[in-house]
Amino acid sequence: MGKALEGVRILDFTHVQSGPSCTQLLAWFGADVIKVERPGEGDVTRGQLRDVAGADSLYFTMLNANKRSITLDTKNPQGKAVLEELVKKCDVLVENFAPGALERMGLGWKRLSEINPRLILASVKGFGPGPFEDCKVYENVAQCAGGAASTTGFRDGLPMVSAAQIGDSGTGLHLALGIVTALFQREHTGRGQKVMCAMQDAVLNLCRVKLRDQQRLANGPLREYSQFGEGVPFGETVPRAGNDSGGGQPGRILRCKGWENDPNAYIYFITQAPVWEKICDVIHEPEWKTDPNYATPAARLPHLNEIFTRIEAWTMAHTKFEAMDILNTYDIPCGPILSMKEIAEDTSLYATGTLVEVQHPARGSYVTVGNPIKLSDNDVPVERAPLLGEHTDEILGEVLGLDAESIAVIKQTGALGALLREAAE
Ligand code: CAO
């Protein structure tokens, strides 16, 4: 088996989550990812939410697998010179600094493309050009500005952010696609280009069904939203719809046996139109197949609360897994609400490589999410995240061709942080 991005070298100048999630995917497709980190401290997440004293955090290790780490003080003239040499040897530079930081380093797009005209510069920023373009942005800011928070949660509650990191990892995914597309175009043009992904844009892209609903509102109420059946009028903007399903097949989260003590004893149940008659059989309401109030999808919309109350009486008599087994025999779409504990113990996810256990010299073994995108001709086993500066000498020797004497000279300047470390010891 091959490695899809074999031969592609990425200068990974990213930190926190959005950028690292992108470069980790590229590493899993076989690219050589060189993570450039500030001497001494490195990516700030190494020390954030630390659960094992003296070991890199899971926040860091779960976002930086299969990468090499070099420490480089890019504000030191010699460090900057080394960085520029690396730019010459790399295909892509990925960064997610605050707006203007790369330019302040003297490495704006003009300079980078002078150094290496084939270079692809890929950036994550919070916002695109406009009133907020200079703002620093984290996950939840993007979820709020991209339309996710105003449309998530219950109508009578606060706007709600999702646990899924659609602002950070969602943008990282978008950026990865931009990078491989730019690499593909470079095959024809020989030129690099800038790839920019704003977190607000990525979230909005993932929320496009809500912009659809915003426009539908002009032509009448959103009949598949629970509030329609409840007789609650719609305002000018898309309301929060609780757990109503986003498409035209109404769905809800329903209680299952054990819900009184288990916060996740629930199932998502979809009343998909083609299997309506089977649903009526399962819940023992055969007359609903022909009753004009229930027989068609349109007729059912004003009665969703009543229908789901009846279905829930059935789901509450079964555990979520029993209900899954029964409903699947009828082809009725449904899904158990799985806790993170249940997911972490699911052997089928380990069998596919979606969950992987990795050994780490400082923290022992840990579980990480492997590559969720499976290619039949791409085999890159998940490797632990690098220690800070673990590959500094290796990269200077192998990528830049420097001998031990030249590396020692660079170290003397403090560009690699070695002097700082020695001073501290
Ligand atoms: N050597 C020397 N200096 C370095 C360095 C290195 N190896 N790596 C980074 N730096 C410097 C940068 O040059 C910058 O310096 P200046 O401010 O003097 O120009 C400085 O470190 C800090 O960079 P920053 O502003 O990006 O970092 P921050 O912690 O203040 O902000 C964040 C973090 C995430 C809010 C900001 O980077 C950002 O908005 N990024 C874009 C959006 C994004 O990706 N957000 C997702 C974060 S994940 O939730």
# chains A, B, ... in the order shown; residues from 1 in each chain; ligands from 1
>>> residues_around(residues="region 222-232 of chain A", least_positions_apart="3", cutoff="12 Å", atoms="only C-alpha atoms", output="PyMOL selection string")
chain A and resi 154-156+210+212-219+235-252+271+297-308
>>> write_last_selection(atoms="C-alpha atoms", output="PDB file, in the first residue's frame")
ATOM      1  CA  PHE A 154     -34.185  25.157  22.487  1.00  0.00           C
ATOM      2  CA  ARG A 155     -36.517  27.986  21.505  1.00  0.00           C
ATOM      3  CA  ASP A 156     -36.973  29.148  25.091  1.00  0.00           C
ATOM      4  CA  LYS A 210     -30.266  27.125   8.402  1.00  0.00           C
ATOM      5  CA  ARG A 212     -31.968  27.761   3.576  1.00  0.00           C
ATOM      6  CA  ASP A 213     -34.610  27.933   6.313  1.00  0.00           C
ATOM      7  CA  GLN A 214     -34.066  31.667   6.761  1.00  0.00           C
ATOM      8  CA  GLN A 215     -35.110  32.167   3.135  1.00  0.00           C
ATOM      9  CA  ARG A 216     -37.982  29.669   3.352  1.00  0.00           C
ATOM     10  CA  LEU A 217     -39.430  31.732   6.216  1.00  0.00           C
ATOM     11  CA  ALA A 218     -40.357  34.456   3.716  1.00  0.00           C
ATOM     12  CA  ASN A 219     -42.779  31.993   2.129  1.00  0.00           C
ATOM     13  CA  GLY A 235     -40.611  35.544  13.935  1.00  0.00           C
ATOM     14  CA  GLU A 236     -38.260  37.093  11.396  1.00  0.00           C
ATOM     15  CA  THR A 237     -35.346  34.789  11.961  1.00  0.00           C
ATOM     16  CA  VAL A 238     -34.746  31.027  12.037  1.00  0.00           C
ATOM     17  CA  PRO A 239     -35.579  29.855  15.561  1.00  0.00           C
ATOM     18  CA  ARG A 240     -33.715  27.254  17.592  1.00  0.00           C
ATOM     19  CA  ALA A 241     -35.307  23.896  16.846  1.00  0.00           C
ATOM     20  CA  GLY A 242     -34.177  21.729  19.766  1.00  0.00           C
ATOM     21  CA  ASN A 243     -33.612  18.213  18.483  1.00  0.00           C
ATOM     22  CA  ASP A 244     -35.928  18.448  15.482  1.00  0.00           C
ATOM     23  CA  SER A 245     -34.146  16.952  12.508  1.00  0.00           C
ATOM     24  CA  GLY A 246     -32.869  19.386   9.938  1.00  0.00           C
ATOM     25  CA  GLY A 247     -34.337  17.720   6.863  1.00  0.00           C
ATOM     26  CA  GLY A 248     -37.815  16.871   5.710  1.00  0.00           C
ATOM     27  CA  GLN A 249     -37.956  13.615   7.729  1.00  0.00           C
ATOM     28  CA  PRO A 250     -39.088  14.592  11.253  1.00  0.00           C
ATOM     29  CA  GLY A 251     -37.023  13.140  14.086  1.00  0.00           C
ATOM     30  CA  ARG A 252     -36.656  13.502  17.867  1.00  0.00           C
ATOM     31  CA  THR A 271     -40.180   9.045  11.090  1.00  0.00           C
ATOM     32  CA  PRO A 297     -46.036  13.384   5.730  1.00  0.00           C
ATOM     33  CA  ALA A 298     -47.851  16.718   5.344  1.00  0.00           C
ATOM     34  CA  ALA A 299     -50.808  15.537   7.456  1.00  0.00           C
ATOM     35  CA  ARG A 300     -48.442  14.395  10.206  1.00  0.00           C
ATOM     36  CA  LEU A 301     -46.575  17.702  10.640  1.00  0.00           C
ATOM     37  CA  PRO A 302     -49.166  19.375  12.894  1.00  0.00           C
ATOM     38  CA  HIS A 303     -49.312  16.196  15.030  1.00  0.00           C
ATOM     39  CA  LEU A 304     -45.603  15.580  15.659  1.00  0.00           C
ATOM     40  CA  ASN A 305     -45.821  15.990  19.429  1.00  0.00           C
ATOM     41  CA  GLU A 306     -48.626  13.434  19.638  1.00  0.00           C
ATOM     42  CA  ILE A 307     -46.858  11.030  17.276  1.00  0.00           C
ATOM     43  CA  PHE A 308     -43.530  11.184  19.103  1.00  0.00           C
TER      44      PHE A 308
END
>>> select_by_dssp(residues="region 193-369 of chain A", states="helix (DSSP H, G or I)", output="PyMOL selection string")
chain A and resi 199-206+208-219+226-229+273-282+286-289+297-315+320-329+340-344+347-351
>>> atom_distance(atom1="CA of Gly30 (chain A)", atom2="CA of Val380 (chain A)")
6.3 Å
>>> residues_near_ligand(ligand="ligand 1", cutoff="9 Å", atoms="only C-alpha atoms and all ligand atoms", output="compact mmCIF listing (two decimals) with all heavy atoms, in the first residue's frame")
# COMPACT_ATOMS: atom_id res chain seq x y z
N PHE A 13 3.30 25.58 10.73
CA PHE A 13 3.53 26.71 11.64
C PHE A 13 2.21 26.97 12.38
O PHE A 13 1.81 28.12 12.54
CB PHE A 13 3.92 27.92 10.78
CG PHE A 13 4.95 28.82 11.40
CD1 PHE A 13 5.54 28.53 12.62
CD2 PHE A 13 5.36 29.97 10.73
CE1 PHE A 13 6.48 29.37 13.18
CE2 PHE A 13 6.30 30.82 11.28
CZ PHE A 13 6.86 30.52 12.51
N THR A 14 1.54 25.90 12.80
CA THR A 14 0.22 26.06 13.40
C THR A 14 0.25 25.82 14.91
O THR A 14 1.20 25.24 15.43
CB THR A 14 -0.79 25.07 12.80
OG1 THR A 14 -0.45 23.73 13.20
CG2 THR A 14 -0.82 25.14 11.28
N HIS A 15 -0.80 26.24 15.55
CA HIS A 15 -0.93 26.03 16.99
C HIS A 15 -2.39 25.90 17.39
O HIS A 15 -3.28 26.16 16.59
CB HIS A 15 -0.25 27.18 17.78
CG HIS A 15 -0.86 28.53 17.54
ND1 HIS A 15 -0.67 29.59 18.38
CD2 HIS A 15 -1.65 29.00 16.55
CE1 HIS A 15 -1.32 30.65 17.93
NE2 HIS A 15 -1.92 30.31 16.82
N VAL A 16 -2.62 25.49 18.62
CA VAL A 16 -3.95 25.25 19.19
C VAL A 16 -4.67 24.14 18.38
O VAL A 16 -4.11 23.06 18.24
CB VAL A 16 -4.78 26.54 19.34
CG1 VAL A 16 -5.85 26.36 20.41
CG2 VAL A 16 -3.89 27.73 19.76
N GLN A 17 -5.85 24.39 17.80
CA GLN A 17 -6.58 23.27 17.21
C GLN A 17 -6.84 23.34 15.71
O GLN A 17 -6.70 22.35 15.00
CB GLN A 17 -7.94 23.09 17.93
CG GLN A 17 -8.70 21.90 17.42
CD GLN A 17 -10.05 21.66 18.08
OE1 GLN A 17 -10.85 20.90 17.56
NE2 GLN A 17 -10.32 22.28 19.21
N SER A 18 -7.24 24.53 15.21
CA SER A 18 -7.71 24.57 13.82
C SER A 18 -6.61 24.15 12.85
O SER A 18 -6.80 23.24 12.03
CB SER A 18 -8.22 25.97 13.47
OG SER A 18 -7.16 26.92 13.59
N GLY A 19 -5.44 24.80 12.95
CA GLY A 19 -4.32 24.47 12.06
C GLY A 19 -3.79 23.06 12.29
O GLY A 19 -3.64 22.27 11.34
N PRO A 20 -3.50 22.69 13.56
CA PRO A 20 -2.99 21.34 13.81
C PRO A 20 -3.92 20.22 13.33
O PRO A 20 -3.47 19.18 12.88
CB PRO A 20 -2.81 21.31 15.33
CG PRO A 20 -2.52 22.74 15.69
CD PRO A 20 -3.38 23.55 14.75
N VAL A 36 6.93 23.63 13.42
CA VAL A 36 7.87 24.62 13.94
C VAL A 36 7.30 25.20 15.23
O VAL A 36 6.19 25.73 15.24
CB VAL A 36 8.07 25.77 12.91
CG1 VAL A 36 9.01 26.83 13.48
CG2 VAL A 36 8.59 25.22 11.60
N GLU A 37 8.07 25.09 16.31
CA GLU A 37 7.55 25.55 17.60
C GLU A 37 8.54 26.50 18.29
O GLU A 37 9.76 26.40 18.09
CB GLU A 37 7.27 24.37 18.52
CG GLU A 37 6.19 23.45 17.99
CD GLU A 37 5.86 22.34 18.95
OE1 GLU A 37 5.10 22.55 19.89
OE2 GLU A 37 6.39 21.22 18.74
N ARG A 38 7.95 27.36 19.09
CA ARG A 38 8.76 28.32 19.83
C ARG A 38 9.58 27.57 20.90
O ARG A 38 9.04 26.73 21.62
CB ARG A 38 7.83 29.32 20.53
CG ARG A 38 8.51 30.60 20.95
CD ARG A 38 7.68 31.30 22.00
NE ARG A 38 6.32 31.57 21.56
CZ ARG A 38 5.89 32.80 21.24
NH1 ARG A 38 6.70 33.83 21.31
NH2 ARG A 38 4.64 32.98 20.88
N PRO A 39 10.90 27.83 20.97
CA PRO A 39 11.73 27.13 21.96
C PRO A 39 11.19 27.31 23.38
O PRO A 39 10.64 28.35 23.71
CB PRO A 39 13.10 27.80 21.81
CG PRO A 39 13.10 28.40 20.45
CD PRO A 39 11.68 28.79 20.17
N GLY A 42 6.81 25.84 23.09
CA GLY A 42 6.14 25.13 22.00
C GLY A 42 4.69 25.54 21.85
O GLY A 42 4.25 26.56 22.39
N ASP A 43 3.95 24.73 21.14
CA ASP A 43 2.51 24.94 20.97
C ASP A 43 1.90 25.06 22.36
O ASP A 43 2.11 24.20 23.22
CB ASP A 43 1.93 23.72 20.21
CG ASP A 43 0.46 23.89 19.85
OD1 ASP A 43 -0.29 24.53 20.62
OD2 ASP A 43 0.05 23.35 18.81
N VAL A 44 1.12 26.12 22.57
CA VAL A 44 0.59 26.40 23.91
C VAL A 44 -0.23 25.23 24.46
O VAL A 44 -0.32 25.01 25.67
CB VAL A 44 -0.22 27.72 23.88
CG1 VAL A 44 -1.50 27.57 23.06
CG2 VAL A 44 -0.55 28.23 25.25
N THR A 71 12.31 23.10 17.13
CA THR A 71 12.15 24.38 17.83
C THR A 71 13.00 25.43 17.12
O THR A 71 14.15 25.19 16.74
CB THR A 71 12.61 24.28 19.30
OG1 THR A 71 13.87 23.65 19.36
CG2 THR A 71 11.62 23.53 20.14
N LEU A 72 12.38 26.59 16.95
CA LEU A 72 13.02 27.67 16.21
C LEU A 72 12.47 29.00 16.71
O LEU A 72 11.25 29.19 16.73
CB LEU A 72 12.62 27.50 14.73
CG LEU A 72 13.56 27.91 13.61
CD1 LEU A 72 14.94 27.29 13.79
CD2 LEU A 72 12.96 27.44 12.27
N ASP A 73 13.36 29.89 17.13
CA ASP A 73 12.91 31.23 17.52
C ASP A 73 12.94 32.09 16.26
O ASP A 73 14.01 32.52 15.82
CB ASP A 73 13.83 31.81 18.61
CG ASP A 73 13.41 33.21 19.01
OD1 ASP A 73 12.45 33.75 18.42
OD2 ASP A 73 14.06 33.78 19.92
N THR A 74 11.77 32.31 15.69
CA THR A 74 11.73 33.01 14.40
C THR A 74 11.93 34.51 14.56
O THR A 74 11.99 35.23 13.57
CB THR A 74 10.40 32.72 13.68
OG1 THR A 74 9.33 33.14 14.53
CG2 THR A 74 10.27 31.25 13.37
N LYS A 75 12.03 34.98 15.81
CA LYS A 75 12.35 36.40 16.01
C LYS A 75 13.85 36.59 16.17
O LYS A 75 14.33 37.73 16.25
CB LYS A 75 11.57 36.94 17.21
CG LYS A 75 10.08 37.03 16.87
CD LYS A 75 9.26 37.78 17.87
CE LYS A 75 7.85 37.98 17.31
NZ LYS A 75 6.85 38.11 18.34
N ASN A 76 14.59 35.53 16.22
CA ASN A 76 16.05 35.56 16.22
C ASN A 76 16.49 35.55 14.74
O ASN A 76 16.00 34.74 13.96
CB ASN A 76 16.54 34.31 16.97
CG ASN A 76 18.03 34.09 16.86
OD1 ASN A 76 18.58 34.05 15.77
ND2 ASN A 76 18.67 33.89 18.01
N GLY A 79 17.36 32.28 13.47
CA GLY A 79 16.17 31.41 13.44
C GLY A 79 15.32 31.72 12.22
O GLY A 79 14.83 30.80 11.55
N LYS A 80 15.20 33.01 11.92
CA LYS A 80 14.41 33.38 10.74
C LYS A 80 15.09 32.89 9.46
O LYS A 80 14.43 32.42 8.52
CB LYS A 80 14.22 34.90 10.69
CG LYS A 80 13.21 35.28 9.64
CD LYS A 80 12.91 36.76 9.62
CE LYS A 80 12.21 37.09 8.31
NZ LYS A 80 12.52 38.39 7.80
N GLU A 95 -0.38 28.02 8.47
CA GLU A 95 -0.30 28.83 9.70
C GLU A 95 -1.68 29.27 10.15
O GLU A 95 -2.59 29.41 9.32
CB GLU A 95 0.60 30.06 9.47
CG GLU A 95 0.11 31.04 8.42
CD GLU A 95 -0.77 32.16 8.93
OE1 GLU A 95 -0.70 32.49 10.13
OE2 GLU A 95 -1.53 32.73 8.13
N ASN A 96 -1.82 29.45 11.44
CA ASN A 96 -3.08 30.03 11.95
C ASN A 96 -2.79 31.03 13.07
O ASN A 96 -3.40 31.00 14.13
CB ASN A 96 -4.05 28.94 12.43
CG ASN A 96 -3.59 28.19 13.65
OD1 ASN A 96 -2.44 27.77 13.72
ND2 ASN A 96 -4.46 28.00 14.62
N PHE A 97 -1.84 31.92 12.78
CA PHE A 97 -1.54 33.00 13.73
C PHE A 97 -2.63 34.06 13.66
O PHE A 97 -3.44 34.09 12.73
CB PHE A 97 -0.19 33.65 13.40
CG PHE A 97 0.98 32.75 13.65
CD1 PHE A 97 1.87 32.45 12.64
CD2 PHE A 97 1.19 32.20 14.91
CE1 PHE A 97 2.94 31.62 12.87
CE2 PHE A 97 2.26 31.36 15.15
CZ PHE A 97 3.15 31.07 14.13
N ALA A 98 -2.61 34.92 14.66
CA ALA A 98 -3.53 36.06 14.63
C ALA A 98 -3.23 36.90 13.39
O ALA A 98 -2.11 36.87 12.87
CB ALA A 98 -3.34 36.88 15.91
N PRO A 99 -4.25 37.63 12.90
CA PRO A 99 -4.05 38.43 11.69
C PRO A 99 -2.81 39.32 11.82
O PRO A 99 -2.61 39.97 12.85
CB PRO A 99 -5.33 39.26 11.59
CG PRO A 99 -6.35 38.44 12.32
CD PRO A 99 -5.62 37.75 13.43
N GLY A 100 -1.97 39.32 10.81
CA GLY A 100 -0.80 40.21 10.78
C GLY A 100 0.46 39.62 11.37
O GLY A 100 1.55 40.16 11.14
N ALA A 101 0.37 38.51 12.11
CA ALA A 101 1.56 37.98 12.79
C ALA A 101 2.63 37.53 11.79
O ALA A 101 3.82 37.80 11.97
CB ALA A 101 1.18 36.84 13.73
N LEU A 102 2.21 36.87 10.73
CA LEU A 102 3.18 36.38 9.74
C LEU A 102 3.89 37.57 9.06
O LEU A 102 5.10 37.55 8.84
CB LEU A 102 2.45 35.52 8.70
CG LEU A 102 3.26 34.45 8.00
CD1 LEU A 102 3.86 33.48 9.00
CD2 LEU A 102 2.38 33.69 6.99
N GLU A 103 3.11 38.61 8.77
CA GLU A 103 3.68 39.81 8.14
C GLU A 103 4.67 40.46 9.11
O GLU A 103 5.74 40.92 8.69
CB GLU A 103 2.58 40.82 7.76
CG GLU A 103 1.72 40.40 6.57
CD GLU A 103 0.70 39.30 6.89
OE1 GLU A 103 0.52 38.99 8.09
OE2 GLU A 103 0.11 38.76 5.95
N ARG A 104 4.32 40.52 10.40
CA ARG A 104 5.25 41.11 11.38
C ARG A 104 6.55 40.32 11.46
O ARG A 104 7.59 40.86 11.79
CB ARG A 104 4.59 41.18 12.77
CG ARG A 104 3.58 42.31 12.90
CD ARG A 104 3.20 42.57 14.36
NE ARG A 104 2.45 41.50 14.96
CZ ARG A 104 1.13 41.31 14.81
NH1 ARG A 104 0.42 42.16 14.09
NH2 ARG A 104 0.52 40.29 15.40
N MET A 105 6.49 39.05 11.14
CA MET A 105 7.72 38.24 11.09
C MET A 105 8.50 38.52 9.81
O MET A 105 9.56 37.93 9.60
CB MET A 105 7.36 36.74 11.07
CG MET A 105 7.30 36.08 12.40
SD MET A 105 6.88 34.33 12.12
CE MET A 105 5.85 34.07 13.53
N SER A 123 -3.69 29.45 5.25
CA SER A 123 -3.94 30.17 6.51
C SER A 123 -5.36 29.95 7.01
O SER A 123 -6.31 29.92 6.23
CB SER A 123 -3.76 31.68 6.31
OG SER A 123 -2.46 31.96 5.83
N VAL A 124 -5.45 29.86 8.33
CA VAL A 124 -6.76 29.95 8.99
C VAL A 124 -6.81 31.31 9.67
O VAL A 124 -5.86 31.70 10.36
CB VAL A 124 -6.94 28.87 10.08
CG1 VAL A 124 -8.20 29.14 10.91
CG2 VAL A 124 -7.01 27.49 9.47
N LYS A 125 -7.89 32.04 9.47
CA LYS A 125 -8.13 33.26 10.24
C LYS A 125 -9.56 33.17 10.77
O LYS A 125 -10.35 32.36 10.28
CB LYS A 125 -7.98 34.51 9.34
CG LYS A 125 -6.57 34.70 8.81
CD LYS A 125 -5.56 35.10 9.89
CE LYS A 125 -4.12 34.95 9.42
NZ LYS A 125 -3.38 33.82 10.01
N GLY A 126 -9.87 34.01 11.75
CA GLY A 126 -11.22 33.97 12.31
C GLY A 126 -12.25 34.44 11.31
O GLY A 126 -13.30 33.83 11.12
N PHE A 127 -11.94 35.58 10.66
CA PHE A 127 -12.88 36.19 9.73
C PHE A 127 -12.17 36.50 8.42
O PHE A 127 -10.96 36.72 8.40
CB PHE A 127 -13.41 37.52 10.30
CG PHE A 127 -14.26 37.35 11.53
CD1 PHE A 127 -13.71 37.42 12.80
CD2 PHE A 127 -15.63 37.13 11.41
CE1 PHE A 127 -14.50 37.27 13.94
CE2 PHE A 127 -16.43 36.97 12.55
CZ PHE A 127 -15.87 37.05 13.80
N ASP A 134 -9.52 41.80 11.77
CA ASP A 134 -8.34 41.86 12.64
C ASP A 134 -8.53 41.12 13.97
O ASP A 134 -7.64 41.12 14.81
CB ASP A 134 -7.98 43.33 12.94
CG ASP A 134 -7.48 44.01 11.68
OD1 ASP A 134 -6.88 43.32 10.83
OD2 ASP A 134 -7.72 45.23 11.53
N CYS A 135 -9.69 40.50 14.15
CA CYS A 135 -9.99 39.89 15.45
C CYS A 135 -9.31 38.54 15.62
O CYS A 135 -9.21 37.75 14.69
CB CYS A 135 -11.49 39.68 15.60
SG CYS A 135 -12.43 41.19 15.57
N LYS A 136 -8.88 38.28 16.86
CA LYS A 136 -8.46 36.94 17.23
C LYS A 136 -9.72 36.11 17.47
O LYS A 136 -10.71 36.62 18.00
CB LYS A 136 -7.65 36.97 18.52
CG LYS A 136 -6.26 37.55 18.37
CD LYS A 136 -5.50 37.44 19.67
CE LYS A 136 -4.07 37.91 19.48
NZ LYS A 136 -3.29 37.84 20.72
N VAL A 137 -9.66 34.86 17.11
CA VAL A 137 -10.88 34.05 17.20
C VAL A 137 -10.58 32.65 17.75
O VAL A 137 -9.60 32.02 17.35
CB VAL A 137 -11.54 33.95 15.80
CG1 VAL A 137 -12.61 32.87 15.78
CG2 VAL A 137 -12.16 35.29 15.42
N TYR A 138 -11.44 32.20 18.63
CA TYR A 138 -11.43 30.81 19.11
C TYR A 138 -12.74 30.13 18.70
O TYR A 138 -13.70 30.78 18.28
CB TYR A 138 -11.28 30.77 20.64
CG TYR A 138 -9.86 31.07 21.11
CD1 TYR A 138 -9.52 32.32 21.61
CD2 TYR A 138 -8.87 30.11 21.04
CE1 TYR A 138 -8.22 32.60 22.03
CE2 TYR A 138 -7.57 30.36 21.46
CZ TYR A 138 -7.26 31.60 21.96
OH TYR A 138 -5.98 31.87 22.37
N GLU A 139 -12.74 28.81 18.89
CA GLU A 139 -13.86 27.95 18.49
C GLU A 139 -15.25 28.58 18.67
O GLU A 139 -16.02 28.71 17.74
CB GLU A 139 -13.77 26.65 19.31
CG GLU A 139 -14.96 25.73 19.23
CD GLU A 139 -15.10 25.07 17.87
OE1 GLU A 139 -14.10 24.56 17.35
OE2 GLU A 139 -16.21 25.08 17.32
N ASN A 140 -15.57 28.93 19.92
CA ASN A 140 -16.95 29.33 20.18
C ASN A 140 -17.30 30.68 19.56
O ASN A 140 -18.47 30.93 19.24
CB ASN A 140 -17.23 29.34 21.69
CG ASN A 140 -17.28 27.91 22.23
OD1 ASN A 140 -17.41 26.96 21.46
ND2 ASN A 140 -17.18 27.76 23.54
N VAL A 141 -16.28 31.52 19.36
CA VAL A 141 -16.54 32.79 18.66
C VAL A 141 -16.99 32.47 17.24
O VAL A 141 -17.96 33.04 16.72
CB VAL A 141 -15.26 33.67 18.63
CG1 VAL A 141 -15.51 34.93 17.83
CG2 VAL A 141 -14.79 34.00 20.04
N ALA A 142 -16.31 31.50 16.62
CA ALA A 142 -16.67 31.13 15.24
C ALA A 142 -18.06 30.51 15.19
O ALA A 142 -18.85 30.78 14.28
CB ALA A 142 -15.64 30.17 14.67
N GLN A 165 -16.34 20.39 17.40
CA GLN A 165 -15.50 21.57 17.19
C GLN A 165 -15.56 22.00 15.72
O GLN A 165 -14.56 21.92 14.98
CB GLN A 165 -14.08 21.27 17.63
CG GLN A 165 -14.00 20.77 19.08
CD GLN A 165 -14.15 21.88 20.09
OE1 GLN A 165 -13.22 22.64 20.36
NE2 GLN A 165 -15.33 22.00 20.68
N GLY A 167 -15.84 24.90 14.50
CA GLY A 167 -15.06 26.11 14.19
C GLY A 167 -13.60 25.78 13.99
O GLY A 167 -12.97 26.25 13.03
N ASP A 168 -13.04 24.97 14.85
CA ASP A 168 -11.61 24.64 14.76
C ASP A 168 -11.36 23.48 13.81
O ASP A 168 -10.81 23.64 12.73
CB ASP A 168 -11.07 24.28 16.15
CG ASP A 168 -10.77 25.53 16.97
OD1 ASP A 168 -10.53 26.58 16.38
OD2 ASP A 168 -10.76 25.44 18.21
N SER A 169 -11.76 22.27 14.22
CA SER A 169 -11.50 21.11 13.37
C SER A 169 -12.30 21.20 12.07
O SER A 169 -11.85 20.71 11.03
CB SER A 169 -11.80 19.81 14.12
OG SER A 169 -10.82 19.60 15.14
N THR A 171 -12.85 23.93 10.39
CA THR A 171 -12.07 24.78 9.49
C THR A 171 -10.81 24.04 9.03
O THR A 171 -10.40 24.16 7.87
CB THR A 171 -11.69 26.10 10.20
OG1 THR A 171 -12.87 26.68 10.74
CG2 THR A 171 -11.05 27.09 9.23
N GLY A 172 -10.21 23.26 9.94
CA GLY A 172 -9.04 22.48 9.56
C GLY A 172 -9.34 21.54 8.40
O GLY A 172 -8.53 21.40 7.47
N ALA A 198 -11.57 31.16 6.47
CA ALA A 198 -12.03 31.88 7.66
C ALA A 198 -12.94 30.95 8.47
O ALA A 198 -13.80 30.27 7.91
CB ALA A 198 -12.78 33.14 7.25
N MET A 199 -12.75 30.97 9.79
CA MET A 199 -13.54 30.08 10.64
C MET A 199 -15.03 30.40 10.55
O MET A 199 -15.88 29.52 10.55
CB MET A 199 -13.04 30.18 12.09
CG MET A 199 -11.63 29.64 12.26
SD MET A 199 -10.89 30.03 13.87
CE MET A 199 -11.80 28.94 14.95
N ALA A 415 19.08 30.46 18.40
CA ALA A 415 17.95 30.37 17.46
C ALA A 415 17.11 29.12 17.68
O ALA A 415 15.93 29.09 17.36
CB ALA A 415 18.46 30.40 16.02
>>> closest_residue(among="A:Glu287, A:Asp281, A:Asp379, A:Asp393", to="Ala408 (chain A)", atoms="only C-alpha atoms")
A:Asp393
>>> closest_residue(among="A:Asn378, A:Glu133, A:Glu322, A:Leu327", to="Cys280 (chain A)", atoms="only C-alpha atoms")
A:Leu327
>>> residues_around(residues="Phe321 (chain A)", least_positions_apart="2", cutoff="12 Å", atoms="only C-alpha atoms", output="PyMOL selection string")
chain A and resi 256-258+264-268+315-319+323-328+334-338+342
>>> residues_around(residues="Ala65 (chain A)", least_positions_apart="5", cutoff="6 Å", atoms="only C-alpha atoms", output="list in words")
Glu383, Arg384 and Ala385 of chain A
>>> write_last_selection(atoms="all heavy atoms", output="PDB file, in the first residue's frame")
ATOM      1  N   GLU A 383       1.081   7.498  14.649  1.00  0.00           N
ATOM      2  CA  GLU A 383       2.248   7.539  15.542  1.00  0.00           C
ATOM      3  C   GLU A 383       2.050   8.639  16.570  1.00  0.00           C
ATOM      4  O   GLU A 383       1.427   9.650  16.285  1.00  0.00           O
ATOM      5  CB  GLU A 383       3.519   7.842  14.737  1.00  0.00           C
ATOM      6  CG  GLU A 383       3.995   6.650  13.935  1.00  0.00           C
ATOM      7  CD  GLU A 383       5.112   7.026  12.975  1.00  0.00           C
ATOM      8  OE1 GLU A 383       5.631   8.163  13.063  1.00  0.00           O
ATOM      9  OE2 GLU A 383       5.425   6.192  12.120  1.00  0.00           O
ATOM     10  N   ARG A 384       2.643   8.469  17.722  1.00  0.00           N
ATOM     11  CA  ARG A 384       2.478   9.457  18.797  1.00  0.00           C
ATOM     12  C   ARG A 384       2.963  10.840  18.342  1.00  0.00           C
ATOM     13  O   ARG A 384       3.806  10.957  17.445  1.00  0.00           O
ATOM     14  CB  ARG A 384       3.261   9.025  20.038  1.00  0.00           C
ATOM     15  CG  ARG A 384       4.769   9.054  19.842  1.00  0.00           C
ATOM     16  CD  ARG A 384       5.519   9.003  21.157  1.00  0.00           C
ATOM     17  NE  ARG A 384       6.946   8.879  20.931  1.00  0.00           N
ATOM     18  CZ  ARG A 384       7.778   9.906  20.730  1.00  0.00           C
ATOM     19  NH1 ARG A 384       7.303  11.149  20.698  1.00  0.00           N
ATOM     20  NH2 ARG A 384       9.058   9.709  20.540  1.00  0.00           N
ATOM     21  N   ALA A 385       2.443  11.858  19.032  1.00  0.00           N
ATOM     22  CA  ALA A 385       2.873  13.228  18.759  1.00  0.00           C
ATOM     23  C   ALA A 385       4.329  13.401  19.204  1.00  0.00           C
ATOM     24  O   ALA A 385       4.780  12.738  20.143  1.00  0.00           O
ATOM     25  CB  ALA A 385       1.969  14.196  19.512  1.00  0.00           C
TER      26      ALA A 385
END
>>> closest_residue(among="A:His174, A:Lys320, A:Arg186, A:Arg68", to="Trp259 (chain A)", atoms="only C-alpha atoms")
A:Lys320
>>> select_by_dssp(residues="region 38-213 of chain A", states="strand (DSSP E)", output="ChimeraX atom specification")
/A:67-71,92-95,120-125,194-198
>>> residues_around(residues="Arg118 (chain A)", least_positions_apart="3", cutoff="10 Å", atoms="only C-alpha atoms", output="MDAnalysis selection string")
chainID A and resid 88 90:92 112:115 121 183 186 189:193
